[in-house]
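See below for coords25.pdb, which holds PDB, C-alpha atoms.
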```pdb
ATOM      1  CA  MET X   1     -14.261 -14.357  25.511
ATOM      2  CA  ILE X   2     -16.942 -15.059  22.934
ATOM      3  CA  GLY X   3     -20.583 -14.207  23.461
ATOM      4  CA  GLN X   4     -23.743 -12.878  21.891
ATOM      5  CA  ILE X   5     -25.464  -9.559  22.436
ATOM      6  CA  GLU X   6     -28.652 -10.363  24.302
ATOM      7  CA  SER X   7     -29.916  -6.800  24.527
ATOM      8  CA  TYR X   8     -28.830  -3.283  23.630
ATOM      9  CA  ASP X   9     -30.480   0.060  24.407
ATOM     10  CA  PRO X  10     -29.316   2.832  22.037
ATOM     11  CA  ASP X  11     -30.709   5.544  24.304
ATOM     12  CA  THR X  12     -28.516   4.616  27.290
ATOM     13  CA  GLN X  13     -25.831   3.059  25.044
ATOM     14  CA  THR X  14     -25.677   0.008  27.296
ATOM     15  CA  GLY X  15     -26.389  -3.647  26.799
ATOM     16  CA  VAL X  16     -25.894  -7.223  27.915
ATOM     17  CA  ILE X  17     -23.683  -9.911  26.417
ATOM     18  CA  LYS X  18     -24.569 -13.526  27.093
ATOM     19  CA  THR X  19     -22.020 -16.344  27.142
ATOM     20  CA  GLU X  20     -22.687 -20.006  27.871
ATOM     21  CA  LYS X  21     -22.337 -19.433  31.608
ATOM     22  CA  GLU X  22     -22.596 -15.715  32.419
ATOM     23  CA  LEU X  23     -24.051 -12.344  31.550
ATOM     24  CA  PHE X  24     -21.830  -9.274  31.073
ATOM     25  CA  THR X  25     -22.920  -5.664  30.859
ATOM     26  CA  PHE X  26     -21.277  -3.238  28.476
ATOM     27  CA  HIS X  27     -21.313   0.395  27.468
ATOM     28  CA  LEU X  28     -20.837   1.687  23.932
ATOM     29  CA  ASP X  29     -17.483   3.205  25.012
ATOM     30  CA  GLY X  30     -16.068  -0.342  25.001
ATOM     31  CA  TRP X  31     -17.330  -1.063  21.467
ATOM     32  CA  ILE X  32     -14.609  -1.342  18.788
ATOM     33  CA  ALA X  33     -16.533  -2.262  15.619
ATOM     34  CA  ASP X  34     -17.504   0.382  13.052
ATOM     35  CA  VAL X  35     -21.195  -0.535  13.098
ATOM     36  CA  PRO X  36     -23.444  -0.157  16.153
ATOM     37  CA  PRO X  37     -24.288  -3.260  18.210
ATOM     38  CA  GLU X  38     -27.459  -5.206  17.495
ATOM     39  CA  GLU X  39     -29.184  -7.989  19.361
ATOM     40  CA  GLY X  40     -27.952 -11.377  18.211
ATOM     41  CA  ASP X  41     -24.490 -10.185  17.101
ATOM     42  CA  ASP X  42     -21.675 -12.590  17.967
ATOM     43  CA  VAL X  43     -18.876 -10.702  19.689
ATOM     44  CA  SER X  44     -15.490 -11.202  21.276
ATOM     45  CA  PHE X  45     -14.631  -9.198  24.371
ATOM     46  CA  ASP X  46     -12.435  -8.879  27.429
ATOM     47  CA  ALA X  47     -14.214  -9.537  30.721
ATOM     48  CA  GLU X  48     -13.501  -7.468  33.813
ATOM     49  CA  GLY X  49     -15.703  -8.937  36.511
ATOM     50  CA  THR X  50     -19.199  -8.719  35.069
ATOM     51  CA  PHE X  51     -18.307  -5.868  32.719
ATOM     52  CA  ALA X  52     -17.253  -6.336  29.056
ATOM     53  CA  ARG X  53     -14.578  -4.177  27.400
ATOM     54  CA  ASN X  54     -12.886  -4.174  23.962
ATOM     55  CA  ILE X  55     -15.976  -5.612  22.292
ATOM     56  CA  ASN X  56     -15.714  -6.447  18.600
ATOM     57  CA  LEU X  57     -17.828  -8.337  16.124
ATOM     58  CA  VAL X  58     -16.638 -11.899  15.599
ATOM     59  CA  GLY X  59     -17.775 -12.124  11.978
ATOM     60  CA  ALA X  60     -16.351  -8.731  10.945
ATOM     61  CA  TYR X  61     -13.227 -10.319   9.489
ATOM     62  CA  LEU X  62     -15.304 -12.656   7.306
ATOM     63  CA  GLU X  63     -16.376  -9.857   4.963
ATOM     64  CA  PRO X  64     -14.853 -10.458   1.527
ATOM     65  CA  PRO X  65     -11.989  -8.123   0.621
ATOM     66  CA  LYS X  66     -12.837  -5.142  -1.549
ATOM     67  CA  ALA X  67     -11.030  -4.531  -4.830
ATOM     68  CA  VAL X  68      -8.898  -1.387  -4.821
ATOM     69  CA  LYS X  69      -6.457  -1.851  -7.733
ATOM     70  CA  TYR X  70      -7.395  -1.731 -11.422
ATOM     71  CA  LYS X  71      -6.652  -4.767 -13.591
ATOM     72  CA  TYR X  72      -6.451  -2.768 -16.810
ATOM     73  CA  LEU X  73      -4.101  -0.161 -15.368
ATOM     74  CA  ALA X  74      -1.782  -2.923 -14.158
ATOM     75  CA  SER X  75      -2.026  -4.561 -17.597
ATOM     76  CA  VAL X  76      -1.095  -1.375 -19.465
ATOM     77  CA  LEU X  77       1.778  -0.732 -17.067
ATOM     78  CA  ALA X  78       3.019  -4.280 -17.671
ATOM     79  CA  LEU X  79       2.752  -4.024 -21.456
ATOM     80  CA  PHE X  80       4.536  -0.692 -21.802
ATOM     81  CA  LEU X  81       6.784  -0.490 -18.719
ATOM     82  CA  GLY X  82       6.852  -4.118 -17.601
ATOM     83  CA  TRP X  83      10.613  -4.308 -17.956
ATOM     84  CA  THR X  84      10.852  -1.931 -14.957
ATOM     85  CA  GLY X  85       8.528  -4.011 -12.760
ATOM     86  CA  ILE X  86       6.264  -0.995 -12.282
ATOM     87  CA  HIS X  87       3.111  -3.119 -12.576
ATOM     88  CA  ARG X  88       4.329  -5.335  -9.730
ATOM     89  CA  LEU X  89       5.043  -2.230  -7.684
ATOM     90  CA  TYR X  90       1.508  -0.963  -8.388
ATOM     91  CA  LEU X  91       0.037  -4.287  -7.228
ATOM     92  CA  GLY X  92       2.110  -4.219  -4.038
ATOM     93  CA  PHE X  93       4.629  -6.963  -4.888
ATOM     94  CA  TYR X  94       7.630  -4.850  -3.885
ATOM     95  CA  LYS X  95      10.227  -7.624  -3.714
ATOM     96  CA  MET X  96       9.223  -8.986  -7.111
ATOM     97  CA  ALA X  97       9.326  -5.474  -8.604
ATOM     98  CA  PHE X  98      12.847  -4.986  -7.243
ATOM     99  CA  ILE X  99      13.958  -8.383  -8.563
ATOM    100  CA  GLN X 100      12.461  -7.604 -11.972
ATOM    101  CA  LEU X 101      14.240  -4.250 -12.121
ATOM    102  CA  MET X 102      17.567  -5.795 -11.095
ATOM    103  CA  LEU X 103      17.165  -8.560 -13.675
ATOM    104  CA  THR X 104      16.463  -5.911 -16.312
ATOM    105  CA  VAL X 105      19.664  -4.090 -15.388
ATOM    106  CA  ILE X 106      21.623  -7.343 -15.583
ATOM    107  CA  LEU X 107      20.095  -8.220 -18.964
ATOM    108  CA  TYR X 108      20.866  -4.749 -20.352
ATOM    109  CA  VAL X 109      24.467  -4.987 -19.156
ATOM    110  CA  THR X 110      24.863  -8.414 -20.763
ATOM    111  CA  GLY X 111      23.302  -7.216 -24.023
ATOM    112  CA  LEU X 112      19.975  -9.085 -23.794
ATOM    113  CA  PRO X 113      17.379  -6.331 -23.207
ATOM    114  CA  GLY X 114      14.686  -8.157 -25.192
ATOM    115  CA  PHE X 115      14.232 -10.790 -22.505
ATOM    116  CA  ALA X 116      13.451  -8.136 -19.892
ATOM    117  CA  ALA X 117      10.719  -6.647 -22.098
ATOM    118  CA  LEU X 118       9.326 -10.122 -22.761
ATOM    119  CA  TRP X 119       8.683 -10.733 -19.041
ATOM    120  CA  GLY X 120       6.554  -7.581 -18.737
ATOM    121  CA  PHE X 121       4.704  -8.333 -21.984
ATOM    122  CA  ILE X 122       3.793 -11.849 -20.835
ATOM    123  CA  GLU X 123       2.583 -10.566 -17.466
ATOM    124  CA  GLY X 124       0.516  -7.907 -19.234
ATOM    125  CA  ILE X 125      -1.217 -10.645 -21.235
ATOM    126  CA  LEU X 126      -1.766 -12.664 -18.041
ATOM    127  CA  LEU X 127      -3.292  -9.622 -16.342
ATOM    128  CA  PHE X 128      -5.610  -8.939 -19.303
ATOM    129  CA  GLY X 129      -6.619 -12.606 -19.373
ATOM    130  CA  GLY X 130      -7.341 -12.736 -15.649
ATOM    131  CA  GLN X 131      -4.683 -15.308 -14.697
ATOM    132  CA  ILE X 132      -3.110 -12.701 -12.427
ATOM    133  CA  ASN X 133      -6.221 -11.466 -10.624
ATOM    134  CA  LYS X 134      -5.174 -10.432  -7.091
ATOM    135  CA  ASP X 135      -2.906  -7.867  -5.550
ATOM    136  CA  ALA X 136      -0.267  -8.481  -2.881
ATOM    137  CA  LYS X 137      -2.865  -8.266  -0.096
ATOM    138  CA  ASP X 138      -4.942 -10.993  -1.799
ATOM    139  CA  ARG X 139      -7.670  -8.542  -2.835
ATOM    140  CA  PRO X 140      -9.357  -9.034  -6.212
ATOM    141  CA  LEU X 141      -8.583  -6.597  -9.008
ATOM    142  CA  LYS X 142     -11.287  -4.257 -10.347
TER     143      LYS X 142
END
```
Would you mind writing the file's structure down as structure tokens?
Amino acid sequence: MIGQIESYDPDTQTGVIKTEKELFTFHLDGWIADVPPEEGDDVSFDAEGTFARNINLVGAYLEPPKAVKYKYLASVLALFLGWTGIHRLYLGFYKMAFIQLMLTVILYVTGLPGFAALWGFIEGILLFGGQINKDAKDRPLK
């Protein structure tokens, strides 16, 4: 269910959630979110009679993703070791890294190693320029 915290007492760690039709009591033991409850927070919860359990903030997933990977590290990896796909591996694109490594092996066997190095060099330039600006989990690069 979806509701809004009408009241919360930090001393007793209890509160009331209001929906369109009913009121539900809750205890902090049923709270899932990392931050403490505050009046006016929109929450989702499981109702058991007039008691709320598994309470979580509704808007918690709307927080923008935080950058965890470095753009310049990925760029340097692409420029110098791009033929191995190591920069794709660093960014979390495991399938693409494997494909790039296999293509490099095929190109070396056929006598065309320059094309494998070209792929990594171009992606290094794209990383430096900001055209590749997210990792595999759609987080921005630092």
Q: Fewer than 6 positions away in the same chain doesn't count, so skip those; otherwise give me all residues within 10 Å of Asp29 of chain X, counting all atoms listed in the file, as a ChimeraX atom specification.
A: /X:13-14,53-55
**Q.** Explicit residues for the PyMOL selection byres ((chain X and resi 22) around 12) (as a ChimeraX atom specification)
**A.** /X:1-4,6,16-21,23-25,47,49-52
(Q) Could you list, as a VMD selection string, every residue matched by the PyMOL selection byres ((chain X and resi 79) around 12) in this structure? (A) chain X and resid 72 to 78 80 to 88 116 to 128
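Candidate residues X:Phe93, X:Tyr8, X:Phe115, X:Phe45 were compared for distance to Asp138 of chain X, and the nearest is X:Phe93, using all atoms listed in the file.
Atom CA of Ile5 of chain X lies 14.1 Å from atom CA of Ile32 of chain X.
Counting all atoms listed in the file and comparing X:Met96, X:Leu112, X:Arg139, X:Leu57, the residue that lies closest to Val35 of chain X is X:Leu57.
Taking atom CA of Ala33 of chain X and atom CA of Asn56 of chain X as endpoints, the distance between them is 5.2 Å.
Relative to atom CA of Tyr70 of chain X, atom CA of Lys142 of chain X is found at 4.8 Å.
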Got a sec to resolve the PyMOL selection byres ((chain X and resi 92) around 8) on this structure and send the residues as a PDB file with C-alpha atoms, in the coordinates of the input?
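Okay, result_36.pdb is ready:
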```
ATOM      1  CA  ARG X  88       4.329  -5.335  -9.730  1.00  0.00           C
ATOM      2  CA  LEU X  89       5.043  -2.230  -7.684  1.00  0.00           C
ATOM      3  CA  TYR X  90       1.508  -0.963  -8.388  1.00  0.00           C
ATOM      4  CA  LEU X  91       0.037  -4.287  -7.228  1.00  0.00           C
ATOM      5  CA  PHE X  93       4.629  -6.963  -4.888  1.00  0.00           C
ATOM      6  CA  TYR X  94       7.630  -4.850  -3.885  1.00  0.00           C
ATOM      7  CA  ASP X 135      -2.906  -7.867  -5.550  1.00  0.00           C
ATOM      8  CA  ALA X 136      -0.267  -8.481  -2.881  1.00  0.00           C
ATOM      9  CA  LYS X 137      -2.865  -8.266  -0.096  1.00  0.00           C
TER      10      LYS X 137
END
```
**Q.** Selection: 9 Å around Val58 of chain X, only C-alpha atoms, excl. self and same-chain fewer than 6 positions, as a PyMOL selection string
**A.** chain X and resi 2+41-44
Find the smallest box with edges along x, y and z containing every listed atom of segment 130-133 of chain X, then add 5 Å on each side and report centre and edge lengths in Å to one decimal, as AutoDock Vina command-line options.
```
--center_x -5.2 --center_y -13.4 --center_z -13.1 --size_x 14.2 --size_y 13.8 --size_z 15.0
```
Please return segment 65-98 of chain X, rebuilt to N, CA and C atoms, as a tab-separated table (two decimals), keeping the file's coordinate frame.
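So the final result, stored in selection.tsv, reads:
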```tsv
chain	number	residue	atom	x	y	z
X	65	PRO	N	-12.81	-9.31	0.86
X	65	PRO	CA	-11.99	-8.12	0.62
X	65	PRO	C	-12.52	-7.33	-0.57
X	66	LYS	N	-12.38	-6.03	-0.48
X	66	LYS	CA	-12.84	-5.14	-1.55
X	66	LYS	C	-11.69	-4.87	-2.52
X	67	ALA	N	-12.02	-4.82	-3.80
X	67	ALA	CA	-11.03	-4.53	-4.83
X	67	ALA	C	-10.64	-3.06	-4.77
X	68	VAL	N	-9.35	-2.77	-4.84
X	68	VAL	CA	-8.90	-1.39	-4.82
X	68	VAL	C	-7.96	-1.07	-5.99
X	69	LYS	N	-7.38	-2.06	-6.61
X	69	LYS	CA	-6.46	-1.85	-7.73
X	69	LYS	C	-7.16	-2.21	-9.05
X	70	TYR	N	-6.77	-1.53	-10.11
X	70	TYR	CA	-7.40	-1.73	-11.42
X	70	TYR	C	-6.60	-2.71	-12.28
X	71	LYS	N	-7.27	-3.73	-12.76
X	71	LYS	CA	-6.65	-4.77	-13.59
X	71	LYS	C	-6.10	-4.16	-14.88
X	72	TYR	N	-6.87	-3.30	-15.52
X	72	TYR	CA	-6.45	-2.77	-16.81
X	72	TYR	C	-5.29	-1.78	-16.68
X	73	LEU	N	-5.24	-1.05	-15.59
X	73	LEU	CA	-4.10	-0.16	-15.37
X	73	LEU	C	-2.83	-0.99	-15.17
X	74	ALA	N	-2.94	-2.04	-14.36
X	74	ALA	CA	-1.78	-2.92	-14.16
X	74	ALA	C	-1.36	-3.57	-15.47
X	75	SER	N	-2.32	-3.94	-16.31
X	75	SER	CA	-2.03	-4.56	-17.60
X	75	SER	C	-1.28	-3.60	-18.52
X	76	VAL	N	-1.75	-2.37	-18.60
X	76	VAL	CA	-1.10	-1.38	-19.46
X	76	VAL	C	0.31	-1.07	-18.95
X	77	LEU	N	0.44	-0.95	-17.64
X	77	LEU	CA	1.78	-0.73	-17.07
X	77	LEU	C	2.71	-1.89	-17.42
X	78	ALA	N	2.20	-3.11	-17.36
X	78	ALA	CA	3.02	-4.28	-17.67
X	78	ALA	C	3.40	-4.31	-19.15
X	79	LEU	N	2.46	-3.98	-20.02
X	79	LEU	CA	2.75	-4.02	-21.46
X	79	LEU	C	3.78	-2.98	-21.88
X	80	PHE	N	3.67	-1.77	-21.34
X	80	PHE	CA	4.54	-0.69	-21.80
X	80	PHE	C	5.77	-0.45	-20.92
X	81	LEU	N	5.65	-0.72	-19.62
X	81	LEU	CA	6.78	-0.49	-18.72
X	81	LEU	C	7.11	-1.72	-17.89
X	82	GLY	N	6.68	-2.88	-18.36
X	82	GLY	CA	6.85	-4.12	-17.60
X	82	GLY	C	8.30	-4.45	-17.31
X	83	TRP	N	9.20	-4.03	-18.18
X	83	TRP	CA	10.61	-4.31	-17.96
X	83	TRP	C	11.14	-3.64	-16.69
X	84	THR	N	10.43	-2.60	-16.20
X	84	THR	CA	10.85	-1.93	-14.96
X	84	THR	C	10.24	-2.57	-13.71
X	85	GLY	N	9.21	-3.40	-13.90
X	85	GLY	CA	8.53	-4.01	-12.76
X	85	GLY	C	7.51	-3.08	-12.13
X	86	ILE	N	7.17	-2.00	-12.84
X	86	ILE	CA	6.26	-1.00	-12.28
X	86	ILE	C	4.87	-1.57	-12.01
X	87	HIS	N	4.42	-2.51	-12.81
X	87	HIS	CA	3.11	-3.12	-12.58
X	87	HIS	C	3.11	-3.93	-11.29
X	88	ARG	N	4.21	-4.59	-10.99
X	88	ARG	CA	4.33	-5.34	-9.73
X	88	ARG	C	4.35	-4.37	-8.55
X	89	LEU	N	5.01	-3.26	-8.72
X	89	LEU	CA	5.04	-2.23	-7.68
X	89	LEU	C	3.63	-1.69	-7.44
X	90	TYR	N	2.89	-1.44	-8.50
X	90	TYR	CA	1.51	-0.96	-8.39
X	90	TYR	C	0.63	-1.97	-7.64
X	91	LEU	N	0.84	-3.26	-7.88
X	91	LEU	CA	0.04	-4.29	-7.23
X	91	LEU	C	0.52	-4.62	-5.81
X	92	GLY	N	1.64	-4.03	-5.40
X	92	GLY	CA	2.11	-4.22	-4.04
X	92	GLY	C	3.14	-5.32	-3.86
X	93	PHE	N	3.61	-5.91	-4.96
X	93	PHE	CA	4.63	-6.96	-4.89
X	93	PHE	C	6.00	-6.29	-4.97
X	94	TYR	N	6.42	-5.68	-3.87
X	94	TYR	CA	7.63	-4.85	-3.88
X	94	TYR	C	8.90	-5.65	-4.13
X	95	LYS	N	9.02	-6.81	-3.51
X	95	LYS	CA	10.23	-7.62	-3.71
X	95	LYS	C	10.33	-8.08	-5.16
X	96	MET	N	9.21	-8.53	-5.73
X	96	MET	CA	9.22	-8.99	-7.11
X	96	MET	C	9.54	-7.83	-8.06
X	97	ALA	N	9.03	-6.64	-7.77
X	97	ALA	CA	9.33	-5.47	-8.60
X	97	ALA	C	10.82	-5.16	-8.56
X	98	PHE	N	11.41	-5.24	-7.38
X	98	PHE	CA	12.85	-4.99	-7.24
X	98	PHE	C	13.65	-6.05	-8.00
```
